[in-house]
Structures are given as structure tokens and as C-alpha cells.
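This is work03.csv (CSV, C-alpha atoms).
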chain,number,residue,atom,x,y,z
A,1,MET,CA,13.5,18.4,12.5
A,2,SER,CA,13.8,18.7,16.3
A,3,ILE,CA,11.2,17.7,18.9
A,4,SER,CA,10.4,21.4,19.5
A,5,ARG,CA,8.9,21.5,16.1
A,6,ARG,CA,6.4,18.8,16.8
A,7,ASN,CA,3.6,21.4,16.5
A,8,LEU,CA,4.2,21.3,12.8
A,9,LEU,CA,2.7,17.9,12.6
A,10,GLN,CA,-0.9,17.5,13.6
A,11,VAL,CA,-1.9,14.6,15.8
A,12,THR,CA,-5.4,13.2,16.0
A,13,ALA,CA,-7.0,14.1,19.3
A,14,SER,CA,-8.6,10.8,20.1
A,15,GLY,CA,-7.5,8.4,17.4
A,16,ALA,CA,-11.1,7.9,16.5
A,17,LEU,CA,-12.1,6.8,13.0
A,18,LEU,CA,-13.0,9.7,10.9
A,19,ALA,CA,-15.7,9.5,8.2
A,20,GLY,CA,-15.4,10.8,4.6
A,21,CYS,CA,-12.4,8.8,3.2
A,22,ALA,CA,-13.6,5.6,1.7
A,23,ASP,CA,-10.6,5.5,-0.7
A,24,GLY,CA,-13.0,5.4,-3.6
A,25,ARG,CA,-13.3,1.6,-3.7
A,26,PRO,CA,-15.4,-0.8,-1.6
A,27,SER,CA,-13.6,-3.5,0.2
A,28,GLY,CA,-14.9,-6.2,-2.1
A,29,ALA,CA,-14.1,-4.5,-5.4
A,30,ALA,CA,-12.9,-6.8,-8.1
A,31,PRO,CA,-9.3,-6.4,-9.4
A,32,ALA,CA,-8.9,-4.3,-12.5
A,33,PRO,CA,-8.5,-6.2,-15.8
A,34,ALA,CA,-5.1,-7.4,-16.9
A,35,PRO,CA,-3.0,-4.6,-18.6
A,36,SER,CA,-2.3,-4.4,-22.2
A,37,ALA,CA,1.4,-4.6,-23.4
A,38,SER,CA,2.6,-1.5,-22.8
A,39,GLU,CA,16.0,21.2,-1.4
A,40,ALA,CA,17.0,21.9,-5.1
A,41,THR,CA,15.3,25.2,-5.9
A,42,PRO,CA,12.0,24.7,-7.8
A,43,THR,CA,12.7,27.4,-10.4
A,44,SER,CA,13.0,24.9,-13.2
A,45,LYS,CA,11.6,21.4,-13.9
A,46,ALA,CA,14.0,18.8,-12.5
A,47,PRO,CA,15.1,15.9,-14.6
A,48,SER,CA,13.4,12.6,-14.2
A,49,PRO,CA,14.7,10.8,-11.0
A,50,SER,CA,17.4,8.2,-11.5
A,51,ARG,CA,16.6,4.6,-11.0
A,52,THR,CA,17.1,3.9,-7.3
A,53,THR,CA,15.9,1.6,-4.6
A,54,THR,CA,13.9,4.3,-2.8
A,55,GLY,CA,11.6,2.7,-0.3
A,56,THR,CA,14.0,0.0,0.8
A,57,SER,CA,15.1,0.3,4.4
A,58,ALA,CA,18.7,0.8,3.5
A,59,ALA,CA,18.1,3.7,1.2
A,60,LEU,CA,15.7,5.7,3.4
A,61,PRO,CA,16.9,8.6,5.5
A,62,PRO,CA,16.3,8.4,9.2
A,63,LEU,CA,13.2,10.2,10.4
A,64,PRO,CA,13.5,13.0,13.0
A,65,PRO,CA,12.6,12.3,16.6
A,66,GLY,CA,9.2,13.5,18.0
A,67,LEU,CA,6.9,12.5,15.1
A,68,PRO,CA,3.4,11.6,16.1
A,69,ASP,CA,1.8,8.2,15.7
A,70,GLN,CA,-0.3,9.5,12.9
A,71,ILE,CA,1.1,12.0,10.5
A,72,GLU,CA,-1.2,14.4,8.7
A,73,HIS,CA,1.3,16.8,7.3
A,74,GLY,CA,5.0,17.8,7.3
A,75,PRO,CA,6.8,21.0,8.2
A,76,ARG,CA,5.2,24.2,6.9
A,77,ASP,CA,8.4,26.2,6.5
A,78,ARG,CA,9.8,24.4,3.5
A,79,PRO,CA,8.6,24.7,-0.1
A,80,ARG,CA,7.6,21.0,-0.6
A,81,LEU,CA,4.7,18.7,-0.2
A,82,ALA,CA,3.9,15.0,-0.7
A,83,LEU,CA,1.5,13.6,-3.3
A,84,THR,CA,0.4,10.2,-2.0
A,85,PHE,CA,-1.6,7.7,-4.1
A,86,HIS,CA,-3.7,4.8,-2.9
A,87,GLY,CA,-2.4,1.9,-5.0
A,88,GLN,CA,-5.3,0.0,-6.6
A,89,GLY,CA,-6.9,-0.2,-10.0
A,90,GLU,CA,-6.0,-0.3,-13.7
A,91,PRO,CA,-2.2,-0.6,-14.0
A,92,ALA,CA,-2.0,1.3,-17.2
A,93,GLN,CA,-3.4,4.4,-15.3
A,94,ALA,CA,-0.8,3.8,-12.6
A,95,GLU,CA,2.0,3.7,-15.2
A,96,ALA,CA,0.7,6.9,-16.8
A,97,LEU,CA,0.6,8.7,-13.5
A,98,LEU,CA,4.1,7.6,-12.6
A,99,ALA,CA,5.4,8.6,-16.0
A,100,GLU,CA,3.8,12.1,-15.7
A,101,ALA,CA,5.3,12.6,-12.3
A,102,GLU,CA,8.8,11.6,-13.4
A,103,LYS,CA,8.6,13.9,-16.5
A,104,ALA,CA,8.0,16.8,-14.1
A,105,GLY,CA,10.8,15.7,-11.7
A,106,ALA,CA,8.3,14.8,-9.0
A,107,ARG,CA,8.5,11.9,-6.6
A,108,VAL,CA,5.4,10.4,-5.0
A,109,THR,CA,4.4,7.9,-2.3
A,110,VAL,CA,2.2,4.9,-3.2
A,111,LEU,CA,0.3,3.1,-0.5
A,112,ALA,CA,-0.4,-0.2,-2.2
A,113,VAL,CA,-3.2,-2.7,-1.6
A,114,GLY,CA,-1.7,-6.2,-1.2
A,115,SER,CA,-4.2,-7.9,-3.5
A,116,TRP,CA,-3.4,-5.4,-6.2
A,117,LEU,CA,0.3,-6.3,-5.9
A,118,ASP,CA,-0.7,-10.0,-6.1
A,119,THR,CA,-2.3,-9.3,-9.4
A,120,TYR,CA,0.3,-6.9,-10.7
A,121,PRO,CA,3.6,-7.7,-8.9
A,122,ARG,CA,5.8,-5.9,-11.4
A,123,LEU,CA,4.4,-2.5,-10.3
A,124,ALA,CA,6.1,-2.7,-6.9
A,125,ARG,CA,9.6,-2.5,-8.6
A,126,ARG,CA,8.3,-0.1,-11.2
A,127,ILE,CA,7.3,2.3,-8.4
A,128,LEU,CA,10.6,2.1,-6.6
A,129,ASP,CA,12.7,2.2,-9.8
A,130,GLY,CA,11.1,5.5,-10.7
A,131,GLY,CA,12.5,7.0,-7.5
A,132,HIS,CA,9.2,6.9,-5.6
A,133,GLU,CA,8.2,5.5,-2.2
A,134,LEU,CA,6.1,2.4,-1.6
A,135,GLY,CA,4.0,1.6,1.5
A,136,ASN,CA,1.3,-0.6,2.9
A,137,HIS,CA,-2.5,0.1,2.4
A,138,THR,CA,-3.7,-3.3,3.8
A,139,GLN,CA,-4.2,-6.5,2.0
A,140,THR,CA,-7.8,-6.3,0.8
A,141,HIS,CA,-8.8,-2.7,1.4
A,142,GLY,CA,-11.6,-3.7,3.9
A,143,ASP,CA,-12.9,-1.4,6.6
A,144,ILE,CA,-10.0,-2.0,8.9
A,145,GLY,CA,-11.4,0.2,11.7
A,146,ALA,CA,-14.4,-2.1,12.1
A,147,MET,CA,-12.2,-5.3,12.3
A,148,ASP,CA,-11.2,-7.2,15.4
A,149,ALA,CA,-7.5,-7.5,16.3
A,150,ALA,CA,-6.9,-10.8,14.4
A,151,ALA,CA,-8.5,-9.6,11.2
A,152,ALA,CA,-6.8,-6.2,11.3
A,153,THR,CA,-3.5,-7.8,11.9
A,154,ALA,CA,-4.0,-10.1,8.9
A,155,GLU,CA,-4.7,-7.1,6.7
A,156,ILE,CA,-1.5,-5.3,7.9
A,157,GLU,CA,0.8,-8.3,7.9
A,158,GLY,CA,-0.6,-9.6,4.6
A,159,CYS,CA,0.4,-6.5,2.6
A,160,ALA,CA,3.6,-6.2,4.5
A,161,GLU,CA,4.7,-9.6,3.5
A,162,ARG,CA,3.9,-9.0,-0.2
A,163,LEU,CA,6.0,-5.9,0.0
A,164,ARG,CA,8.9,-7.7,1.6
A,165,LYS,CA,8.8,-10.5,-1.0
A,166,LEU,CA,8.6,-8.1,-3.9
A,167,THR,CA,11.1,-5.5,-2.8
A,168,GLY,CA,13.0,-6.7,0.3
A,169,SER,CA,11.3,-4.3,2.6
A,170,ARG,CA,7.9,-3.9,4.3
A,171,GLY,CA,8.1,-0.1,3.5
A,172,ARG,CA,8.1,2.7,6.0
A,173,TRP,CA,4.5,3.8,5.8
A,174,PHE,CA,1.2,2.2,6.7
A,175,ARG,CA,-2.1,3.9,5.8
A,176,PRO,CA,-5.4,2.4,7.1
A,177,SER,CA,-8.0,1.5,4.5
A,178,GLN,CA,-11.4,3.3,4.4
A,179,ALA,CA,-10.3,5.8,7.0
A,180,ARG,CA,-8.3,9.0,7.2
A,181,MET,CA,-7.2,8.3,10.7
A,182,ALA,CA,-6.7,4.9,12.3
A,183,THR,CA,-8.4,3.7,15.5
A,184,PRO,CA,-6.1,3.2,18.6
A,185,LEU,CA,-6.3,-0.5,18.0
A,186,VAL,CA,-5.1,-0.2,14.4
A,187,VAL,CA,-2.3,2.2,15.5
A,188,ARG,CA,-1.0,-0.4,18.0
A,189,LEU,CA,-1.2,-3.3,15.5
A,190,ALA,CA,0.6,-1.3,12.8
A,191,GLN,CA,3.3,-0.3,15.2
A,192,ARG,CA,3.7,-3.9,16.3
A,193,ALA,CA,4.0,-4.9,12.6
A,194,GLY,CA,6.9,-2.5,12.2
A,195,TYR,CA,5.2,0.8,11.2
A,196,PRO,CA,6.0,3.3,14.0
A,197,HIS,CA,4.2,6.1,12.2
A,198,LEU,CA,0.9,5.8,10.2
A,199,LEU,CA,0.5,8.1,7.3
A,200,SER,CA,-2.7,10.2,7.1
A,201,TYR,CA,-3.1,13.4,5.0
A,202,ASP,CA,-4.5,17.0,5.3
A,203,VAL,CA,-5.6,17.4,1.7
A,204,ASP,CA,-8.4,15.3,0.1
A,205,PRO,CA,-9.6,16.4,-3.3
A,206,LEU,CA,-12.1,13.5,-3.4
A,207,ASP,CA,-10.8,12.3,-6.7
A,208,TYR,CA,-12.2,8.8,-6.0
A,209,THR,CA,-15.7,10.2,-6.5
A,210,ASP,CA,-14.7,11.1,-10.2
A,211,PRO,CA,-15.7,14.7,-10.1
A,212,GLY,CA,-13.6,15.4,-13.3
A,213,ALA,CA,-10.0,16.5,-13.8
A,214,GLY,CA,-10.8,20.2,-13.5
A,215,GLN,CA,-12.4,19.8,-10.0
A,216,VAL,CA,-9.6,17.6,-8.8
A,217,ARG,CA,-7.0,20.1,-9.9
A,218,ALA,CA,-8.9,23.0,-8.4
A,219,ALA,CA,-9.3,21.2,-5.1
A,220,VAL,CA,-5.6,20.5,-4.7
A,221,ALA,CA,-4.8,24.1,-5.7
A,222,ALA,CA,-7.2,25.4,-3.0
A,223,GLN,CA,-6.2,23.1,-0.2
A,224,ALA,CA,-2.5,22.3,-0.6
A,225,ARG,CA,0.3,24.3,0.9
A,226,ALA,CA,3.8,23.8,2.0
A,227,GLY,CA,4.1,20.6,4.1
A,228,SER,CA,0.8,19.1,2.9
A,229,VAL,CA,0.2,15.4,2.4
A,230,VAL,CA,-2.3,15.1,-0.5
A,231,SER,CA,-4.5,12.0,-0.9
A,232,LEU,CA,-5.0,10.8,-4.5
A,233,HIS,CA,-5.8,7.5,-6.1
A,234,PHE,CA,-4.7,5.3,-8.9
A,235,GLY,CA,-7.5,3.8,-11.0
A,236,HIS,CA,-9.3,7.0,-11.8
A,237,SER,CA,-8.9,8.6,-15.2
A,238,GLY,CA,-9.7,12.1,-13.9
A,239,THR,CA,-6.7,11.9,-11.6
A,240,VAL,CA,-4.5,10.9,-14.5
A,241,ALA,CA,-5.8,13.9,-16.5
A,242,ALA,CA,-5.5,16.2,-13.6
A,243,LEU,CA,-1.9,15.4,-12.6
A,244,PRO,CA,-0.1,17.5,-15.2
A,245,GLY,CA,-2.1,20.6,-14.2
A,246,ILE,CA,-1.6,19.9,-10.5
A,247,LEU,CA,2.2,19.7,-11.0
A,248,ASP,CA,2.2,22.9,-13.1
A,249,ASP,CA,0.3,24.7,-10.3
A,250,LEU,CA,2.7,23.5,-7.7
A,251,HIS,CA,5.7,24.5,-9.8
A,252,ARG,CA,4.3,28.0,-10.3
A,253,ARG,CA,3.9,28.3,-6.5
A,254,GLY,CA,7.4,27.2,-5.9
A,255,LEU,CA,6.3,23.9,-4.3
A,256,ARG,CA,8.1,20.7,-5.1
A,257,ALA,CA,6.5,17.2,-4.9
A,258,VAL,CA,8.7,14.8,-2.9
A,259,THR,CA,8.3,11.5,-1.2
A,260,THR,CA,6.9,11.5,2.3
A,261,SER,CA,10.2,10.5,3.8
A,262,GLU,CA,11.8,13.4,2.0
A,263,LEU,CA,9.1,15.7,3.2
A,264,LEU,CA,9.8,14.8,6.8
A,265,THR,CA,13.6,14.8,6.8

Whole structure, C-alpha cells version:
Amino acid sequence: MSISRRNLLQVTASGALLAGCADGRPSGAAPAPAPSASEATPTSKAPSPSRTTTGTSAALPPLPPGLPDQIEHGPRDRPRLALTFHGQGEPAQAEALLAEAEKAGARVTVLAVGSWLDTYPRLARRILDGGHELGNHTQTHGDIGAMDAAAATAEIEGCAERLRKLTGSRGRWFRPSQARMATPLVVRLAQRAGYPHLLSYDVDPLDYTDPGAGQVRAAVAAQARAGSVVSLHFGHSGTVAALPGILDDLHRRGLRAVTTSELLT
């Protein structure tokens, strides 16, 4: 994508913190209990993605020039979008969501909370081995927009270091916690930590409020279009139940769910 197409990607006008996206979990939420043992044309369901190292720096395609600091959506002229998941909560539900996406030939982007990866470290490789993308959603999921520079840096760097230790990469994407858009300070700190572009979204079905699978599916269907970045969450049973219908709806509309890096390249 050339610089002349920058207008396809919205940029926040002021970088101010926007209300209305609390990611569904307070910053002090306790970790979930330990788990039990357990562009091709979109005219047909694609096979499950092969086991790759998607998300490591060596495997990622280069991004086009001219992207904004904060990305809300991708190009509107290609039949694909990105389903992004805030990584926190019961691991069995995360496994179910990943398996459902893979069955439909979809790839997703997971923005993981570092403390969640501390509790369930195997999920980092599980996400990447499924062909998905893994990024940084702060260490403890606090209100990063209200933090001073030292505290915000610790949140960004803490999760980045967990990702590096578990996968060999800090990941490409950082998404601020408890905010749709980052403050100018958080943008600067994230870029200093190695994240040139922060990942926002343009579709929010509010699944973290647990409105029920039907409402989550209907909200995605009403809001999502080519190029959209959809915000969803692990740890909510309604999201697990809604995903098959969401993927069916996208398939009928000729839209393919790809990772954020694929969406933008």
C-alpha cells in the first residue's frame, strides 16, 4: 500500500484517551483458574492454517510506508478484515476460539496480557503455531492512560519481555489497556519500546459486557466491513458461542479473517 492511500487508515485527531473500551476486565482482576487437561478467493472454507511461526519478526511481511501511529482499520478495497482478541481469561475458552477459527481457515490477532502469559505460558506458542499473530496488551491490564511514564513503560516492557522469552519476539503490535486509543505519552513510550504502530479498532461489539452470543454476532455483522479491525475478547463464553456464526456471516459476505499484518500488507 502506497503513502497516497494513507486516507484508508484513520488516525486519531488528538491522541486523547477515548472512553467506552474497558476491555471487559478491571485492572485488578484475578487470573482465571488453571485449565483442565484438555488473497485466496473466499468462495470456500480454507483448510486449517499450517503450523508456522507467524508473529516472529523473521516471518512477518514488511509493513507499507505511511501507516499512522495508531491504526483503526486497514484498506477498504480488499475483501478481508482482522478479528483481534484481547488475551486474558479462562484458557479453555481461548483454546476453543482458536480451534473454531482454524476450522474455518481464519487467522486472528491476539493481544495478550503479560500476567496471563505468566500463568498460561504454553498459550503463546499455541497461538503462533495455529498461524495466528501475537502482540502486547500490557503486563497487568491497568489503566495505562492514567499512568505516569515510568509505570506505563513498565506495563509495556513487562509484557514485551514475556513475549520475547516465550516466542523470541516482542510481537509487532501493541494495544493500550482500558482504552481504544492511546494518549500521546503512551504512543511515544510504545514506539520507544519497539512498536512503531499501535493497534486500535473500528468495530467494538462490546462482547466483554456479556450481552449474549446473538447480540455479539449481530453487532459484528452490522458494523464490520472490508478492512475492519474487530475488537473481541477471550474469557467470555458468549464470544466463544458467537464465533462460528460470525465466521459464517463473513464467509457469506465474501470477507476473509486474516491477521492484522496480512490485512495491512

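The space separating atom CA of Gly212 of chain A from atom CA of Gly238 of chain A comes to 5.1 Å.
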
**Item:** atom CA of Arg172 of chain A to atom CA of Ser115 of chain A, distance in Å rounded to a single decimal
**Value:** 18.8 Å

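Of the residues listed (A:Arg107, A:Arg217, A:His86, A:His141), A:Arg217 shows the shortest atom-to-atom separation from Asp249 of chain A; distances use only C-alpha atoms.
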
**Request:** To one decimal in Å, tell me the separation between atom CA of Ala221 of chain A and atom CA of Arg76 of chain A.
**Result:**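 Distance reported for this atom pair: 16.1 Å.
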
**Request:** With a distance cut-off of 10 Å and only C-alpha atoms, select the neighbouring residues of Gly235 of chain A, excluding the residue or stretch itself and same-chain residues fewer than 6 positions from it, and output the selection as number ranges by chain.
**Result:** A: 24-25, 32, 85-94, 97, 208

**Request:** Using all atoms listed in the file, pick whichever of A:His73, A:His251, A:Arg122, A:His236 has the shortest atom-to-atom distance to Lys165 of chain A.
**Result:** A:Arg122

**Prompt:** Which one is closest to Gly105 of chain A: A:Leu185, A:Leu67, A:Leu250, A:Leu117? Count all atoms listed in the file.
**Reply:**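 Answer, going by the shortest atom-to-atom distance: A:Leu250.
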
**Long-range neighbours of Arg164 of chain A as a list in words, 12 Å cut-off, only C-alpha atoms, 3 positions minimum in chain** = Gly55, Thr56, Ser57, Gly114, Leu117, Pro121, Ala124, Arg125, Leu134, Gly135, Asn136, Glu157, Gly158, Cys159, Ala160, Glu161, Thr167, Gly168, Ser169, Arg170, Gly171, Arg172 and Gly194 of chain A

**Asked** Using all atoms listed in the file, which residues sit within 10 Å of Ala219 of chain A once same-chain residues fewer than 5 positions away are excluded, as a PyMOL selection string?
**Response** chain A and resi 203-207+213-214+224+246

**Request:** Find the residues around Ala96 of chain A up to 10 Å (only C-alpha atoms counted), leave out those fewer than 5 positions away in its own chain, and share them as a list in words.
**Result:** Pro91, Ala101, Glu102, Phe234, Ser237, Val240, Ala241 and Leu243 of chain A

**All residues 7 Å or closer to Gln70 of chain A, only C-alpha atoms, same chain fewer than 6 positions away omitted, as number ranges by chain** = A: 11, 197-200

**Request:** Measuring atom to atom with all atoms listed in the file, identify which of A:Trp173, A:Ala82, A:Ala182, A:Glu133 is nearest to Pro196 of chain A.
**Result:** A:Trp173

**Pick from A:Gly74, A:Pro244, A:Gly131, A:Pro68 nearest to Gln191 of chain A, counting only C-alpha atoms** =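 Residue with the minimum atom-to-atom distance to Gln191 of chain A: A:Pro68.
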
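With all atoms listed in the file as the atoms that count, the residue of A:Val216, A:Ala193, A:Ala146, A:Val258 with the shortest distance to Ala179 of chain A is A:Ala146.
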
Is it possible to add all heavy atoms to segment 95-106 of chain A and hand it back as a tab-separated table (two decimals), in the coordinates of the input?
chain	number	residue	atom	x	y	z
A	95	GLU	N	0.75	3.46	-14.41
A	95	GLU	CA	2.00	3.70	-15.20
A	95	GLU	C	1.92	5.14	-15.77
A	95	GLU	O	2.95	5.84	-15.78
A	95	GLU	CB	2.02	2.72	-16.37
A	95	GLU	CG	2.20	1.27	-15.94
A	95	GLU	CD	3.65	0.85	-15.92
A	95	GLU	OE1	4.54	1.72	-15.93
A	95	GLU	OE2	3.88	-0.38	-15.90
A	96	ALA	N	0.77	5.59	-16.23
A	96	ALA	CA	0.70	6.90	-16.80
A	96	ALA	C	0.92	8.00	-15.73
A	96	ALA	O	1.60	9.00	-15.98
A	96	ALA	CB	-0.72	7.13	-17.42
A	97	LEU	N	0.38	7.79	-14.53
A	97	LEU	CA	0.60	8.70	-13.50
A	97	LEU	C	2.09	8.80	-13.06
A	97	LEU	O	2.65	9.89	-12.88
A	97	LEU	CB	-0.23	8.36	-12.24
A	97	LEU	CG	-1.69	8.77	-12.27
A	97	LEU	CD1	-2.49	8.01	-11.22
A	97	LEU	CD2	-1.83	10.26	-12.04
A	98	LEU	N	2.71	7.65	-12.93
A	98	LEU	CA	4.10	7.60	-12.60
A	98	LEU	C	4.98	8.31	-13.64
A	98	LEU	O	5.88	9.08	-13.32
A	98	LEU	CB	4.58	6.18	-12.38
A	98	LEU	CG	3.95	5.43	-11.20
A	98	LEU	CD1	4.32	3.96	-11.25
A	98	LEU	CD2	4.38	6.04	-9.86
A	99	ALA	N	4.68	8.03	-14.90
A	99	ALA	CA	5.40	8.60	-16.00
A	99	ALA	C	5.29	10.16	-15.99
A	99	ALA	O	6.25	10.90	-16.23
A	99	ALA	CB	5.02	8.05	-17.33
A	100	GLU	N	4.09	10.64	-15.73
A	100	GLU	CA	3.80	12.10	-15.70
A	100	GLU	C	4.59	12.73	-14.56
A	100	GLU	O	5.18	13.80	-14.72
A	100	GLU	CB	2.34	12.35	-15.58
A	100	GLU	CG	1.96	13.80	-15.80
A	100	GLU	CD	2.28	14.29	-17.21
A	100	GLU	OE1	1.99	13.56	-18.18
A	100	GLU	OE2	2.82	15.41	-17.33
A	101	ALA	N	4.58	12.09	-13.40
A	101	ALA	CA	5.30	12.60	-12.30
A	101	ALA	C	6.80	12.69	-12.57
A	101	ALA	O	7.47	13.70	-12.29
A	101	ALA	CB	5.05	11.78	-11.02
A	102	GLU	N	7.33	11.63	-13.14
A	102	GLU	CA	8.80	11.60	-13.40
A	102	GLU	C	9.16	12.63	-14.48
A	102	GLU	O	10.22	13.23	-14.39
A	102	GLU	CB	9.13	10.17	-13.90
A	102	GLU	CG	9.05	9.16	-12.75
A	102	GLU	CD	8.81	7.74	-13.21
A	102	GLU	OE1	8.99	7.45	-14.41
A	102	GLU	OE2	8.43	6.90	-12.36
A	103	LYS	N	8.30	12.85	-15.45
A	103	LYS	CA	8.60	13.90	-16.50
A	103	LYS	C	8.73	15.24	-15.83
A	103	LYS	O	9.52	16.07	-16.28
A	103	LYS	CB	7.47	13.87	-17.51
A	103	LYS	CG	7.71	14.81	-18.67
A	103	LYS	CD	6.70	14.59	-19.79
A	103	LYS	CE	5.32	15.01	-19.38
A	103	LYS	NZ	4.34	14.93	-20.51
A	104	ALA	N	7.98	15.49	-14.77
A	104	ALA	CA	8.00	16.80	-14.10
A	104	ALA	C	9.07	16.81	-12.96
A	104	ALA	O	9.18	17.81	-12.26
A	104	ALA	CB	6.65	17.11	-13.51
A	105	GLY	N	9.81	15.72	-12.78
A	105	GLY	CA	10.80	15.70	-11.70
A	105	GLY	C	10.20	15.50	-10.34
A	105	GLY	O	10.85	15.80	-9.33
A	106	ALA	N	8.97	15.01	-10.28
A	106	ALA	CA	8.30	14.80	-9.00
A	106	ALA	C	8.45	13.37	-8.53
A	106	ALA	O	8.54	12.45	-9.33
A	106	ALA	CB	6.81	15.14	-9.14
